[in-house]
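Data file: protein_37.txt. Format and content: compact mmCIF, C-alpha atoms.
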```txt
# COMPACT_ATOMS: atom_id res chain seq x y z
CA MET A 28 94.28 -76.02 -91.09
CA PRO A 29 90.85 -76.69 -92.61
CA ALA A 30 88.75 -73.60 -93.16
CA GLU A 31 85.98 -74.88 -90.85
CA SER A 32 88.38 -75.39 -87.93
CA ARG A 33 90.10 -72.11 -88.59
CA SER A 34 86.83 -70.16 -88.48
CA ARG A 35 85.99 -71.60 -85.07
CA THR A 36 89.20 -70.20 -83.58
CA CYS A 37 88.62 -66.57 -84.57
CA PRO A 38 84.98 -65.49 -84.10
CA GLY A 39 86.12 -62.17 -82.59
CA LEU A 40 88.08 -61.22 -85.68
CA VAL A 41 85.73 -62.31 -88.44
CA GLY A 42 84.05 -59.36 -90.14
CA VAL A 43 84.85 -55.98 -91.62
CA TRP A 44 86.79 -53.34 -89.68
CA HIS A 45 87.34 -49.62 -90.39
CA LEU A 46 90.57 -47.89 -89.36
CA THR A 47 90.21 -45.23 -86.67
CA SER A 48 93.89 -44.51 -85.92
CA PHE A 49 97.40 -45.53 -87.00
CA THR A 50 100.08 -44.43 -84.58
CA VAL A 51 103.68 -44.95 -83.55
CA ARG A 52 104.03 -45.50 -79.81
CA ASP A 53 107.06 -45.44 -77.53
CA ARG A 54 107.95 -48.01 -74.90
CA SER A 55 105.50 -46.47 -72.38
CA GLY A 56 102.62 -46.56 -74.89
CA GLY A 57 102.64 -42.82 -75.60
CA VAL A 58 101.79 -41.67 -79.14
CA ILE A 59 104.81 -40.10 -80.85
CA GLY A 60 103.79 -40.04 -84.52
CA HIS A 61 101.39 -40.91 -87.33
CA PRO A 62 103.16 -42.76 -90.17
CA MET A 63 100.34 -42.25 -92.71
CA GLY A 64 99.02 -38.90 -91.50
CA VAL A 65 96.51 -38.15 -88.77
CA CYS A 66 93.34 -39.31 -90.55
CA PRO A 67 94.30 -42.33 -92.69
CA THR A 68 91.66 -44.56 -94.22
CA GLY A 69 91.62 -48.31 -94.00
CA VAL A 70 89.47 -51.40 -94.37
CA LEU A 71 90.39 -54.76 -92.84
CA THR A 72 88.45 -57.93 -93.64
CA TYR A 73 88.68 -61.31 -91.92
CA GLY A 74 86.61 -64.05 -93.55
CA ALA A 75 85.08 -67.04 -91.80
CA ASP A 76 86.92 -69.19 -94.35
CA GLY A 77 90.31 -67.99 -93.05
CA SER A 78 90.94 -65.38 -95.76
CA MET A 79 92.00 -61.83 -94.95
CA SER A 80 92.78 -58.56 -96.72
CA VAL A 81 93.73 -55.05 -95.66
CA HIS A 82 93.87 -51.72 -97.49
CA LEU A 83 95.45 -48.56 -96.00
CA GLY A 84 95.49 -45.06 -97.52
CA ALA A 85 97.45 -42.07 -96.23
CA SER A 86 95.64 -38.83 -95.38
CA GLY A 87 98.74 -36.67 -95.83
CA PRO A 88 102.43 -36.61 -94.97
CA ALA A 89 103.67 -38.70 -92.06
CA VAL A 90 103.82 -36.98 -88.67
CA PRO A 91 106.98 -38.32 -87.00
CA GLY A 92 106.51 -36.26 -83.86
CA ASP A 93 110.10 -36.42 -82.63
CA GLY A 94 111.61 -35.14 -85.86
CA ALA A 95 113.38 -38.42 -86.69
CA PRO A 96 112.53 -40.08 -90.03
CA HIS A 97 113.27 -43.65 -88.80
CA PRO A 98 113.67 -45.08 -92.33
CA GLU A 99 114.39 -48.67 -91.28
CA GLY A 100 112.01 -51.59 -90.83
CA THR A 101 108.25 -51.67 -91.09
CA GLU A 102 107.77 -48.07 -90.00
CA GLY A 103 110.10 -46.82 -92.72
CA LEU A 104 108.27 -48.84 -95.39
CA VAL A 105 104.93 -47.45 -94.24
CA ARG A 106 106.09 -43.83 -94.22
CA GLN A 107 107.23 -44.02 -97.85
CA ARG A 108 103.86 -45.11 -99.27
CA PRO A 109 100.50 -43.37 -99.74
CA TYR A 110 98.88 -46.83 -100.02
CA LEU A 111 99.53 -50.21 -98.46
CA GLY A 112 97.62 -53.41 -99.08
CA TYR A 113 97.95 -57.13 -98.84
CA ALA A 114 95.83 -60.28 -98.78
CA GLY A 115 96.17 -63.91 -97.89
CA THR A 116 95.09 -66.16 -95.01
CA PHE A 117 95.21 -65.80 -91.25
CA ALA A 118 95.32 -67.85 -88.07
CA HIS A 119 94.25 -66.39 -84.73
CA THR A 120 95.36 -67.88 -81.42
CA GLY A 121 94.98 -66.16 -78.09
CA ASP A 122 96.45 -62.66 -78.19
CA ARG A 123 98.07 -62.85 -81.61
CA VAL A 124 97.13 -63.28 -85.26
CA VAL A 125 99.42 -64.42 -88.07
CA HIS A 126 98.81 -63.04 -91.57
CA ARG A 127 100.20 -65.29 -94.32
CA LEU A 128 100.67 -62.99 -97.31
CA GLU A 129 99.98 -64.17 -100.84
CA ILE A 130 99.94 -60.73 -102.49
CA ALA A 131 101.19 -57.37 -101.17
CA SER A 132 101.90 -53.84 -102.36
CA VAL A 133 105.34 -54.19 -100.71
CA PRO A 134 107.07 -56.86 -102.85
CA GLN A 135 109.34 -58.14 -100.08
CA TRP A 136 106.32 -59.01 -97.95
CA VAL A 137 104.92 -61.56 -100.44
CA GLY A 138 105.18 -65.08 -99.01
CA THR A 139 105.98 -63.89 -95.49
CA GLU A 140 104.12 -64.31 -92.22
CA GLN A 141 103.21 -61.06 -90.47
CA VAL A 142 102.61 -61.47 -86.74
CA ARG A 143 100.31 -59.01 -84.95
CA ALA A 144 99.49 -58.67 -81.27
CA VAL A 145 95.71 -58.55 -80.80
CA ARG A 146 93.76 -56.51 -78.25
CA PHE A 147 89.96 -56.16 -78.14
CA ASP A 148 88.07 -53.35 -76.43
CA GLY A 149 84.38 -53.75 -77.19
CA ASP A 150 83.90 -52.97 -80.88
CA GLU A 151 87.51 -51.79 -81.18
CA LEU A 152 90.45 -53.94 -82.26
CA THR A 153 94.11 -52.91 -81.96
CA LEU A 154 96.78 -54.76 -83.95
CA SER A 155 100.51 -54.22 -83.38
CA PRO A 156 103.52 -55.77 -85.11
CA PRO A 157 106.57 -56.63 -82.99
CA PRO A 158 108.37 -53.54 -81.60
CA GLU A 159 111.37 -52.11 -83.48
CA ASN A 160 113.90 -49.96 -81.65
CA ASP A 161 111.53 -49.49 -78.70
CA ARG A 162 108.86 -48.20 -81.08
CA THR A 163 105.62 -49.99 -81.92
CA LEU A 164 103.06 -49.42 -84.66
CA ALA A 165 99.47 -49.59 -83.42
CA LEU A 166 96.49 -49.81 -85.77
CA THR A 167 93.09 -49.39 -84.13
CA TRP A 168 89.99 -50.55 -85.97
CA ARG A 169 86.26 -50.30 -85.28
CA ARG A 170 83.96 -53.14 -86.28
CA HIS A 171 81.68 -52.30 -89.19
CA ARG A 172 78.03 -51.84 -88.26
CA THR A 173 75.17 -50.89 -90.55
CA SER A 174 75.11 -47.48 -88.83
CA THR A 175 78.80 -46.75 -89.46
CA GLY A 176 79.08 -43.16 -90.68
CA PRO A 177 80.72 -42.12 -93.93
CA ARG A 178 84.44 -41.56 -94.21
CA PRO A 179 85.64 -38.02 -94.92
CA ARG A 180 86.75 -36.94 -98.35
CA SER A 181 89.55 -34.42 -98.68
CA GLY A 182 89.34 -31.58 -101.18
CA PHE A 183 90.88 -28.23 -102.13
CA ILE A 184 89.19 -25.18 -103.58
CA GLY A 185 90.47 -21.83 -104.86
CA LEU A 186 88.94 -18.79 -103.15
CA PRO A 187 89.89 -15.08 -103.44
CA ALA A 188 92.28 -15.38 -100.48
CA GLY A 189 94.01 -18.48 -101.89
CA ARG A 190 93.80 -22.26 -101.80
CA PHE A 191 91.69 -23.80 -99.05
CA HIS A 192 91.45 -27.38 -97.83
CA TYR A 193 88.22 -28.95 -96.62
CA LEU A 194 86.75 -32.29 -95.60
CA SER A 195 83.31 -33.53 -96.60
CA TRP A 196 81.01 -36.34 -95.50
CA ALA A 197 78.08 -37.71 -97.55
CA ALA A 198 78.56 -34.79 -99.93
CA ASP A 199 77.07 -36.51 -102.99
CA GLY A 200 73.43 -36.43 -101.90
CA THR A 201 72.35 -33.32 -103.77
CA ARG A 202 68.81 -33.37 -102.38
CA ARG A 203 69.93 -33.30 -98.76
CA PRO A 204 70.47 -30.05 -96.85
CA CYS A 205 74.04 -29.03 -96.09
CA ALA A 206 75.98 -28.22 -92.92
CA VAL A 207 79.24 -26.27 -92.70
CA LEU A 208 81.49 -26.66 -89.63
CA LEU A 209 84.02 -24.02 -88.52
CA HIS A 210 86.81 -24.85 -86.07
CA GLY A 211 88.46 -22.72 -83.39
CA ASN A 212 91.84 -21.02 -83.07
CA ALA A 213 94.71 -23.49 -83.70
CA GLY A 214 92.22 -26.17 -84.79
CA SER A 215 91.39 -27.75 -88.12
CA ALA A 216 88.61 -29.46 -90.07
CA ARG A 217 89.78 -32.75 -88.58
CA GLY A 218 88.46 -31.58 -85.24
CA PHE A 219 84.96 -32.55 -86.41
CA GLY A 220 85.98 -36.12 -87.24
CA ARG A 221 83.40 -37.64 -84.88
CA LEU A 222 80.68 -34.98 -84.95
CA ALA A 223 80.52 -34.75 -88.73
CA PRO A 224 79.70 -38.41 -89.49
CA ALA A 225 76.82 -38.27 -87.01
CA LEU A 226 75.45 -35.15 -88.73
CA ALA A 227 75.97 -36.81 -92.10
CA GLU A 228 72.95 -39.02 -91.42
CA ARG A 229 70.89 -35.88 -92.10
CA TYR A 230 73.17 -33.48 -93.98
CA ARG A 231 75.86 -33.15 -96.58
CA VAL A 232 78.61 -32.03 -94.21
CA PHE A 233 81.60 -29.81 -94.96
CA ALA A 234 84.38 -28.74 -92.59
CA LEU A 235 86.79 -26.04 -93.72
CA ASP A 236 90.43 -25.60 -92.73
CA MET A 237 90.06 -21.87 -92.10
CA ARG A 238 92.68 -19.35 -93.18
CA GLY A 239 96.05 -19.94 -91.57
CA HIS A 240 95.10 -23.40 -90.34
CA GLY A 241 95.54 -27.02 -91.39
CA SER A 242 96.36 -27.27 -95.09
CA SER A 243 94.78 -23.95 -96.13
CA VAL A 244 96.41 -20.71 -97.27
CA ARG A 245 98.23 -18.55 -94.72
CA PRO A 246 97.60 -14.87 -95.52
CA ASP A 247 99.91 -12.06 -94.44
CA PRO A 248 99.74 -10.53 -90.94
CA GLY A 249 96.78 -8.21 -90.49
CA ASP A 250 94.46 -10.42 -92.55
CA TYR A 251 92.95 -12.47 -89.74
CA GLY A 252 89.98 -10.29 -88.86
CA LEU A 253 86.58 -11.90 -88.39
CA ARG A 254 85.19 -10.28 -91.51
CA ALA A 255 88.01 -11.63 -93.67
CA ALA A 256 87.47 -15.16 -92.31
CA ALA A 257 83.69 -14.81 -92.78
CA ASP A 258 84.28 -13.79 -96.40
CA ASP A 259 86.26 -17.00 -96.90
CA VAL A 260 83.27 -19.00 -95.67
CA ARG A 261 80.92 -16.97 -97.83
CA GLY A 262 83.12 -17.67 -100.86
CA PHE A 263 83.23 -21.35 -99.94
CA LEU A 264 79.43 -21.52 -99.85
CA ALA A 265 79.20 -19.82 -103.23
CA ALA A 266 81.91 -21.93 -104.87
CA LEU A 267 80.29 -25.21 -103.84
CA GLU A 268 76.75 -23.86 -104.32
CA LEU A 269 75.79 -24.64 -100.74
CA THR A 270 72.47 -22.91 -100.14
CA ASP A 271 70.63 -22.40 -96.84
CA PRO A 272 73.31 -24.19 -94.83
CA LEU A 273 73.30 -25.09 -91.17
CA VAL A 274 76.47 -23.40 -89.86
CA VAL A 275 78.17 -24.73 -86.73
CA GLY A 276 81.09 -22.80 -85.24
CA HIS A 277 83.30 -23.45 -82.22
CA SER A 278 85.07 -20.62 -80.33
CA TRP A 279 86.81 -18.48 -82.99
CA GLY A 280 84.77 -20.40 -85.56
CA ALA A 281 81.63 -19.38 -83.64
CA ALA A 282 82.69 -15.73 -83.82
CA VAL A 283 83.28 -16.06 -87.57
CA ALA A 284 79.93 -17.81 -88.00
CA LEU A 285 78.13 -15.02 -86.13
CA VAL A 286 79.76 -12.30 -88.25
CA LEU A 287 78.84 -14.29 -91.38
CA ALA A 288 75.23 -14.78 -90.26
CA VAL A 289 74.50 -11.10 -89.60
CA GLY A 290 76.67 -9.55 -92.33
CA ALA A 291 78.70 -7.51 -89.82
CA GLU A 292 81.29 -5.15 -91.32
CA SER A 293 80.06 -5.89 -94.83
CA ARG A 294 78.01 -4.03 -97.41
CA GLU A 295 76.74 -7.31 -98.80
CA PRO A 296 73.61 -8.95 -97.38
CA PRO A 297 74.40 -12.05 -95.31
CA PRO A 298 73.77 -15.51 -96.74
CA ARG A 299 70.53 -17.17 -95.73
CA LEU A 300 71.10 -19.91 -93.17
CA SER A 301 68.77 -22.71 -92.14
CA GLY A 302 70.26 -22.62 -88.64
CA LEU A 303 73.20 -21.32 -86.62
CA VAL A 304 74.96 -23.22 -83.83
CA LEU A 305 77.55 -21.41 -81.70
CA GLU A 306 79.74 -23.52 -79.38
CA ASP A 307 81.21 -21.38 -76.58
CA LEU A 308 81.12 -18.08 -78.48
CA PRO A 309 83.62 -15.56 -77.04
CA ALA A 310 82.25 -12.16 -76.04
CA THR A 311 85.24 -10.62 -77.82
CA MET A 312 88.40 -11.85 -79.48
CA ALA A 313 90.41 -9.56 -77.18
CA PHE A 314 91.56 -12.35 -74.87
CA PRO A 315 93.85 -11.65 -71.89
CA ASP A 316 97.54 -11.88 -72.72
CA ASP A 317 98.13 -14.84 -70.40
CA VAL A 318 95.39 -16.85 -72.16
CA VAL A 319 96.94 -16.17 -75.57
CA ALA A 320 100.43 -16.95 -74.28
CA LYS A 321 99.22 -20.27 -72.87
CA LEU A 322 97.82 -21.31 -76.26
CA GLN A 323 101.01 -20.16 -78.01
CA LYS A 324 103.07 -22.32 -75.66
CA LEU A 325 100.87 -25.31 -76.40
CA VAL A 326 101.21 -24.76 -80.17
CA ALA A 327 105.01 -24.63 -79.84
CA THR A 328 105.15 -27.96 -77.94
CA PRO A 329 106.78 -30.84 -79.87
CA TYR A 330 104.22 -33.37 -81.05
CA ARG A 331 105.48 -36.21 -78.87
CA ASP A 332 105.00 -34.17 -75.68
CA LEU A 333 101.87 -32.46 -76.97
CA ARG A 334 99.86 -35.63 -77.62
CA SER A 335 100.79 -37.19 -74.28
CA ARG A 336 100.04 -33.93 -72.44
CA LEU A 337 96.60 -33.69 -74.00
CA GLU A 338 95.85 -37.29 -73.08
CA ALA A 339 96.98 -36.75 -69.48
CA ARG A 340 94.76 -33.68 -69.15
CA ASN A 341 91.78 -35.23 -70.88
CA PRO A 342 91.74 -38.97 -70.07
CA SER A 343 88.06 -39.32 -71.06
CA TRP A 344 88.56 -38.02 -74.62
CA HIS A 345 88.33 -40.35 -77.58
CA ALA A 346 91.67 -41.14 -79.22
CA ALA A 347 90.46 -39.67 -82.53
CA ASP A 348 89.75 -36.33 -80.83
CA LEU A 349 93.13 -36.30 -79.12
CA ASP A 350 94.81 -36.99 -82.46
CA ALA A 351 92.80 -34.29 -84.24
CA MET A 352 93.51 -31.64 -81.64
CA ALA A 353 97.20 -32.50 -81.47
CA TRP A 354 97.47 -32.34 -85.26
CA GLY A 355 95.70 -28.98 -85.44
CA LEU A 356 97.94 -27.50 -82.76
CA GLN A 357 101.05 -28.94 -84.43
CA GLU A 358 100.13 -27.36 -87.77
CA ALA A 359 99.36 -23.96 -86.21
CA ASP A 360 101.80 -21.05 -85.95
CA PRO A 361 102.33 -19.48 -82.49
CA SER A 362 102.49 -16.00 -83.99
CA LEU A 363 99.26 -16.66 -85.94
CA VAL A 364 97.47 -17.55 -82.71
CA ARG A 365 98.18 -14.06 -81.38
CA ARG A 366 97.51 -12.28 -84.69
CA LEU A 367 94.14 -13.96 -84.97
CA CYS A 368 93.12 -12.62 -81.55
CA GLU A 369 94.52 -9.14 -82.19
CA ASP A 370 92.93 -8.81 -85.63
CA GLY A 371 89.67 -10.30 -84.42
CA ALA A 372 89.53 -7.88 -81.49
CA ARG A 373 88.92 -5.06 -83.96
CA SER A 374 85.33 -6.30 -84.25
CA GLY A 375 84.77 -5.35 -80.60
CA ASP A 376 81.94 -6.74 -78.46
CA LEU A 377 80.31 -9.62 -80.34
CA LEU A 378 77.34 -10.29 -78.07
CA PRO A 379 75.11 -7.42 -79.37
CA LEU A 380 75.31 -9.08 -82.81
CA LEU A 381 73.22 -11.96 -81.48
CA ARG A 382 70.00 -9.94 -81.65
CA ARG A 383 70.52 -9.52 -85.41
CA VAL A 384 70.56 -13.26 -86.16
CA ALA A 385 67.61 -14.09 -88.42
CA ALA A 386 68.10 -17.87 -88.54
CA PRO A 387 67.10 -20.28 -85.77
CA LEU A 388 69.93 -20.10 -83.24
CA LEU A 389 71.43 -22.53 -80.72
CA LEU A 390 73.92 -20.96 -78.31
CA MET A 391 75.91 -23.44 -76.20
CA ARG A 392 78.02 -22.39 -73.23
CA ALA A 393 80.95 -24.35 -71.76
CA ASP A 394 81.66 -24.43 -68.05
CA PRO A 395 83.68 -21.29 -67.16
CA ARG A 396 85.42 -23.34 -64.45
CA ARG A 397 86.81 -25.51 -67.26
CA ASP A 398 88.10 -22.80 -69.61
CA GLY A 399 84.65 -21.78 -70.86
CA VAL A 400 84.96 -18.28 -72.33
CA LEU A 401 81.68 -16.81 -71.03
CA ASP A 402 81.60 -16.02 -67.33
CA GLY A 403 78.34 -15.37 -65.51
CA ALA A 404 78.12 -11.71 -66.45
CA ALA A 405 78.92 -12.33 -70.12
CA TRP A 406 76.39 -15.19 -70.25
CA ALA A 407 73.69 -12.93 -68.82
CA ARG A 408 74.49 -10.30 -71.47
CA ALA A 409 74.44 -12.93 -74.22
CA ARG A 410 71.02 -14.16 -73.13
CA ALA A 411 69.71 -10.59 -73.00
CA HIS A 412 70.66 -10.11 -76.66
CA LEU A 413 69.14 -13.35 -77.96
CA PRO A 414 66.42 -13.11 -80.61
CA ALA A 415 63.05 -14.75 -80.12
CA ARG A 416 63.89 -17.95 -82.04
CA ALA A 417 67.06 -18.69 -80.06
CA ILE A 418 67.60 -21.48 -77.54
CA THR A 419 70.49 -22.05 -75.15
CA ALA A 420 72.25 -25.06 -73.67
CA GLU A 421 74.78 -25.45 -70.85
CA PRO A 422 75.97 -29.09 -70.71
CA ALA A 423 77.12 -29.48 -67.11
CA GLY A 424 80.86 -29.68 -66.56
CA VAL A 425 81.79 -29.61 -70.26
CA SER A 426 85.04 -27.80 -71.07
CA HIS A 427 85.69 -25.23 -73.79
CA ASN A 428 86.43 -28.00 -76.31
CA MET A 429 82.78 -28.95 -76.15
CA HIS A 430 82.35 -31.59 -78.83
CA TYR A 431 85.46 -33.41 -77.57
CA ASP A 432 84.79 -33.24 -73.86
CA GLY A 433 81.02 -33.68 -73.94
CA TYR A 434 80.58 -35.35 -77.31
CA ARG A 435 77.39 -37.27 -76.60
CA ARG A 436 75.61 -34.42 -74.84
CA VAL A 437 76.67 -31.86 -77.44
CA LEU A 438 75.62 -34.16 -80.27
CA ASP A 439 72.23 -34.89 -78.69
CA THR A 440 71.62 -31.16 -78.17
CA LEU A 441 72.60 -30.44 -81.74
CA LEU A 442 70.39 -33.20 -83.15
CA ASP A 443 67.43 -32.01 -81.06
CA PHE A 444 67.96 -28.55 -82.50
CA THR A 445 68.05 -29.86 -86.07
CA ASP A 446 64.88 -31.85 -85.37
CA GLY A 447 63.20 -28.52 -84.74
CA LEU A 448 64.47 -27.12 -88.02
CA GLU A 449 62.76 -29.93 -89.93
CA ARG A 450 59.34 -29.31 -88.40
```

Output the file's structure as structure tokens, nothing else.
Amino acid sequence: MPAESRSRTCPGLVGVWHLTSFTVRDRSGGVIGHPMGVCPTGVLTYGADGSMSVHLGASGPAVPGDGAPHPEGTEGLVRQRPYLGYAGTFAHTGDRVVHRLEIASVPQWVGTEQVRAVRFDGDELTLSPPPENDRTLALTWRRHRTSTGPRPRSGFIGLPAGRFHYLSWAADGTRRPCAVLLHGNAGSARGFGRLAPALAERYRVFALDMRGHGSSVRPDPGDYGLRAAADDVRGFLAALELTDPLVVGHSWGAAVALVLAVGAESREPPPRLSGLVLEDLPATMAFPDDVVAKLQKLVATPYRDLRSRLEARNPSWHAADLDAMAWGLQEADPSLVRRLCEDGARSGDLLPLLRRVAAPLLLMRADPRRDGVLDGAAWARARAHLPARAITAEPAGVSHNMHYDGYRRVLDTLLDFTDGLER
């Protein structure tokens, strides 16, 4: 087919696409695994001349979900490789595209035709090869725009407590201010996968897998107090020479951020912050036993059931947020979830610490009817303790997982707050 004719048949495909998710789905469409990790990278290019190329990089070990390695077929080939790539030509007709491979990182694919089912959803494109054993690979891509945010970089750093993993966005701009993001109990740095790129338009952004979570060190029992976690963050700031950071914390991460900001339980002066953002700060880490048990049960749920359960409960969430939360929960330890609350409870009532915050402060409250941790009485106490430079926000109807459930409103509130820091 001449290049000119070919280009007329595929205007929806032509362009550059960035990978947003790579999943294994069962017959019903439910996500049951991630063959190249939860946050793989990828670039797909379709040229108007009929050329195409794709590059895929793994973010970590495969997440099979149901415990089965499934070594056969395309899925097995994908799971065995940290990188996949091929290039050639393509033809797009209706709801399918055929890739004719001229070069490939998998030798047996050279010279073959790879058929993909095509589905468009606005600026998103999902490609799927033919099902194998009632399982289908699904690669979802977002069309490249000039405003596309940076991809995260993964790194490790040695701190006094051990080896910590972190993600960074736009971290090379040494003249830009920095922001450090702290996740909640049973979360991970990946939980900021959508918020961080938006902040990276203004900041060098870093998200830490906090102790006991994600790919970071898991200290012994008794070492999950708020001060110990705050010292990790303090060491992280020092090791990467991050001065005057904006610190954003969610839930447990908000409690750690508050302890860090005021120097609670420490003889050392607190680090100077340019701003402090607390998403649904708990009044205390002494949560009721039934709340802790509910989270432990969720952490112990097999990935296949966990991902589908999260999607059923939160149908409005973005797929990337569902993946990130499911991965964080899967990597967590049920006993750690309880230890973290028990050790953190030793710090007592956290709300009086608010009056000691010297940096500009944004305190955001989730809806207590949707698992928000501050009821009316606690919210009134929190507001009574706020320093003069603090502002509050209560996005209506947003659940405890604020930057998942109310992403746009939380982001707009956060950006408005950072606008004030620049004036």

With region 209-217 of chain A as the partner and 9 Å as the cut-off, tabulate the residues of region 227-279 of chain A that qualify, each row holding the nearest pair of atoms and their distance in Å to one decimal, using only C-alpha atoms, sorted by chain and rising number, as CSV.
```
residue,atom,partner,partner_atom,distance
A:Phe233,CA,A:Ala216,CA,8.6
A:Ala234,CA,A:Ala216,CA,5.0
A:Leu235,CA,A:Ala216,CA,5.3
A:Asp236,CA,A:Ala216,CA,5.0
A:Met237,CA,A:Ser215,CA,7.2
A:Gly239,CA,A:Ala213,CA,8.7
A:His240,CA,A:Ser215,CA,6.1
A:Gly241,CA,A:Ser215,CA,5.3
A:Ser242,CA,A:Ser215,CA,8.6
A:Val260,CA,A:Leu209,CA,8.8
A:Val274,CA,A:Leu209,CA,7.7
A:Val275,CA,A:Leu209,CA,6.2
A:Gly276,CA,A:Leu209,CA,4.6
A:His277,CA,A:Gly211,CA,5.3
A:Ser278,CA,A:Gly211,CA,5.0
A:Trp279,CA,A:Gly211,CA,4.6
```

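Between His82 (chain A) and the residues A:Ala385, A:Leu128, A:Val70, A:Met429, the shortest atom-to-atom distance, using all atoms listed in the file, involves A:Val70.
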
Quick one: everything within 10 Å of region 42-44 of chain A, counting all atoms listed in the file, minus sequence neighbours fewer than 5 positions away in the same chain. Send it as a list in words.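 Residues meeting the cut-off are Gly69, Val70, Leu71, Thr72, Tyr73, Gly74, Ala75, Met79, Ser80, Val81, Asp150, Glu151, Leu152, Thr167, Trp168, Arg169, Arg170, His171 and Arg172 of chain A.
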
Give me the residues within 8 Å of region 431-433 of chain A as number ranges by chain, counting all atoms listed in the file and dropping any in the same chain fewer than 3 places off. A: 341, 343-345, 348, 422, 425-426, 428, 436-437

What's the 8 Å shell around Leu378 (chain A), counting all atoms listed in the file, without same-chain residues fewer than 5 positions away, as a VMD selection string? chain A and resid 310 to 311 408 to 409 412

Can you measure CA of Arg410 (chain A) to CA of Gly218 (chain A) for me? One decimal in Å is fine. 27.5 Å

Could you give me, as number ranges by chain, the residues within 12 Å of Tyr230 (chain A), counting all atoms listed in the file and dropping anything in the same chain fewer than 3 positions from it? A: 176-177, 195-208, 222-227, 233, 269, 271-274, 301, 442, 445, 449

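Every protein or nucleic acid residue with an atom no more than 8 Å from Leu448 (chain A), counting only C-alpha atoms and leaving out same-chain residues fewer than 2 positions away, appears here: Ser301, Gly302, Pro387, Phe444, Thr445, Asp446 and Arg450 of chain A.
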
Take the residues from that selection and put them in a file with C-alpha atoms, as a short mmCIF file (atom, residue, chain, number, x, y, z; two decimals), keeping the file's coordinate frame.
```
data_model
loop_
_atom_site.label_atom_id
_atom_site.label_comp_id
_atom_site.auth_asym_id
_atom_site.auth_seq_id
_atom_site.Cartn_x
_atom_site.Cartn_y
_atom_site.Cartn_z
CA SER A 301 68.77 -22.71 -92.14
CA GLY A 302 70.26 -22.62 -88.64
CA PRO A 387 67.10 -20.28 -85.77
CA PHE A 444 67.96 -28.55 -82.50
CA THR A 445 68.05 -29.86 -86.07
CA ASP A 446 64.88 -31.85 -85.37
CA ARG A 450 59.34 -29.31 -88.40
#
```

Set up a box along x, y and z of the file covering all listed atoms of region 386-403 of chain A, add 6 Å on every one of the six sides, and write the centre and edge lengths in Å to one decimal, as AutoDock Vina command-line options.
```
--center_x 77.6 --center_y -20.4 --center_z -76.5 --size_x 33.0 --size_y 22.1 --size_z 36.1
```

Compare A:Ile130, A:Ala313, A:Ala291, A:Ile59 by their minimum atom-to-atom distance to Arg366 (chain A), counting all atoms listed in the file, and give me the closest one.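 Going through A:Ile130, A:Ala313, A:Ala291, A:Ile59 one by one, the smallest distance to Arg366 (chain A) is for A:Ala313.
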
How would you write as a PyMOL selection string the residues that get within 10 Å of (93.7, -14.0, -86.5) in the file's frame, counting all atoms listed in the file? chain A and resi 212-213+238-239+246+248-253+255-256+279+312+362-372

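In this structure, CA of Ala131 (chain A) sits 28.9 Å away from CA of Ala346 (chain A).
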
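Here the residues that fall within 10 Å of (103.8, -50.8, -74.2), using all atoms listed in the file, are given as Arg52, Asp53, Arg54, Ser55, Gly56, Gly57, Pro158, Asp161, Arg162 and Thr163 of chain A.
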
Could you dump the residues just selected with C-alpha atoms as a short mmCIF file (atom, residue, chain, number, x, y, z; two decimals), keeping the file's coordinate frame?
```cif
data_model
loop_
_atom_site.label_atom_id
_atom_site.label_comp_id
_atom_site.auth_asym_id
_atom_site.auth_seq_id
_atom_site.Cartn_x
_atom_site.Cartn_y
_atom_site.Cartn_z
CA ARG A 52 104.03 -45.50 -79.81
CA ASP A 53 107.06 -45.44 -77.53
CA ARG A 54 107.95 -48.01 -74.90
CA SER A 55 105.50 -46.47 -72.38
CA GLY A 56 102.62 -46.56 -74.89
CA GLY A 57 102.64 -42.82 -75.60
CA PRO A 158 108.37 -53.54 -81.60
CA ASP A 161 111.53 -49.49 -78.70
CA ARG A 162 108.86 -48.20 -81.08
CA THR A 163 105.62 -49.99 -81.92
#
```

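The gap separating CA of Val65 (chain A) from CA of Thr328 (chain A) is 17.2 Å, in Å to one decimal.
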
How would region 289-294 of chain A look written as an mmCIF file, in the first residue's frame with N, CA and C atoms?
```
data_model
loop_
_atom_site.group_PDB
_atom_site.id
_atom_site.type_symbol
_atom_site.label_atom_id
_atom_site.label_comp_id
_atom_site.auth_asym_id
_atom_site.auth_seq_id
_atom_site.Cartn_x
_atom_site.Cartn_y
_atom_site.Cartn_z
ATOM 1 N N VAL A 289 7.580 20.538 62.735
ATOM 2 C CA VAL A 289 7.668 21.233 64.029
ATOM 3 C C VAL A 289 8.787 20.687 64.907
ATOM 4 N N GLY A 290 9.474 19.620 64.442
ATOM 5 C CA GLY A 290 10.565 19.057 65.233
ATOM 6 C C GLY A 290 10.102 18.336 66.476
ATOM 7 N N ALA A 291 8.884 17.801 66.483
ATOM 8 C CA ALA A 291 8.345 17.106 67.649
ATOM 9 C C ALA A 291 9.202 15.898 68.008
ATOM 10 N N GLU A 292 9.405 15.705 69.304
ATOM 11 C CA GLU A 292 10.132 14.551 69.841
ATOM 12 C C GLU A 292 11.582 14.520 69.382
ATOM 13 N N SER A 293 12.132 15.656 69.050
ATOM 14 C CA SER A 293 13.520 15.727 68.595
ATOM 15 C C SER A 293 14.235 16.890 69.264
ATOM 16 N N ARG A 294 15.527 16.708 69.496
ATOM 17 C CA ARG A 294 16.354 17.787 70.033
ATOM 18 C C ARG A 294 16.909 18.672 68.930
#
```
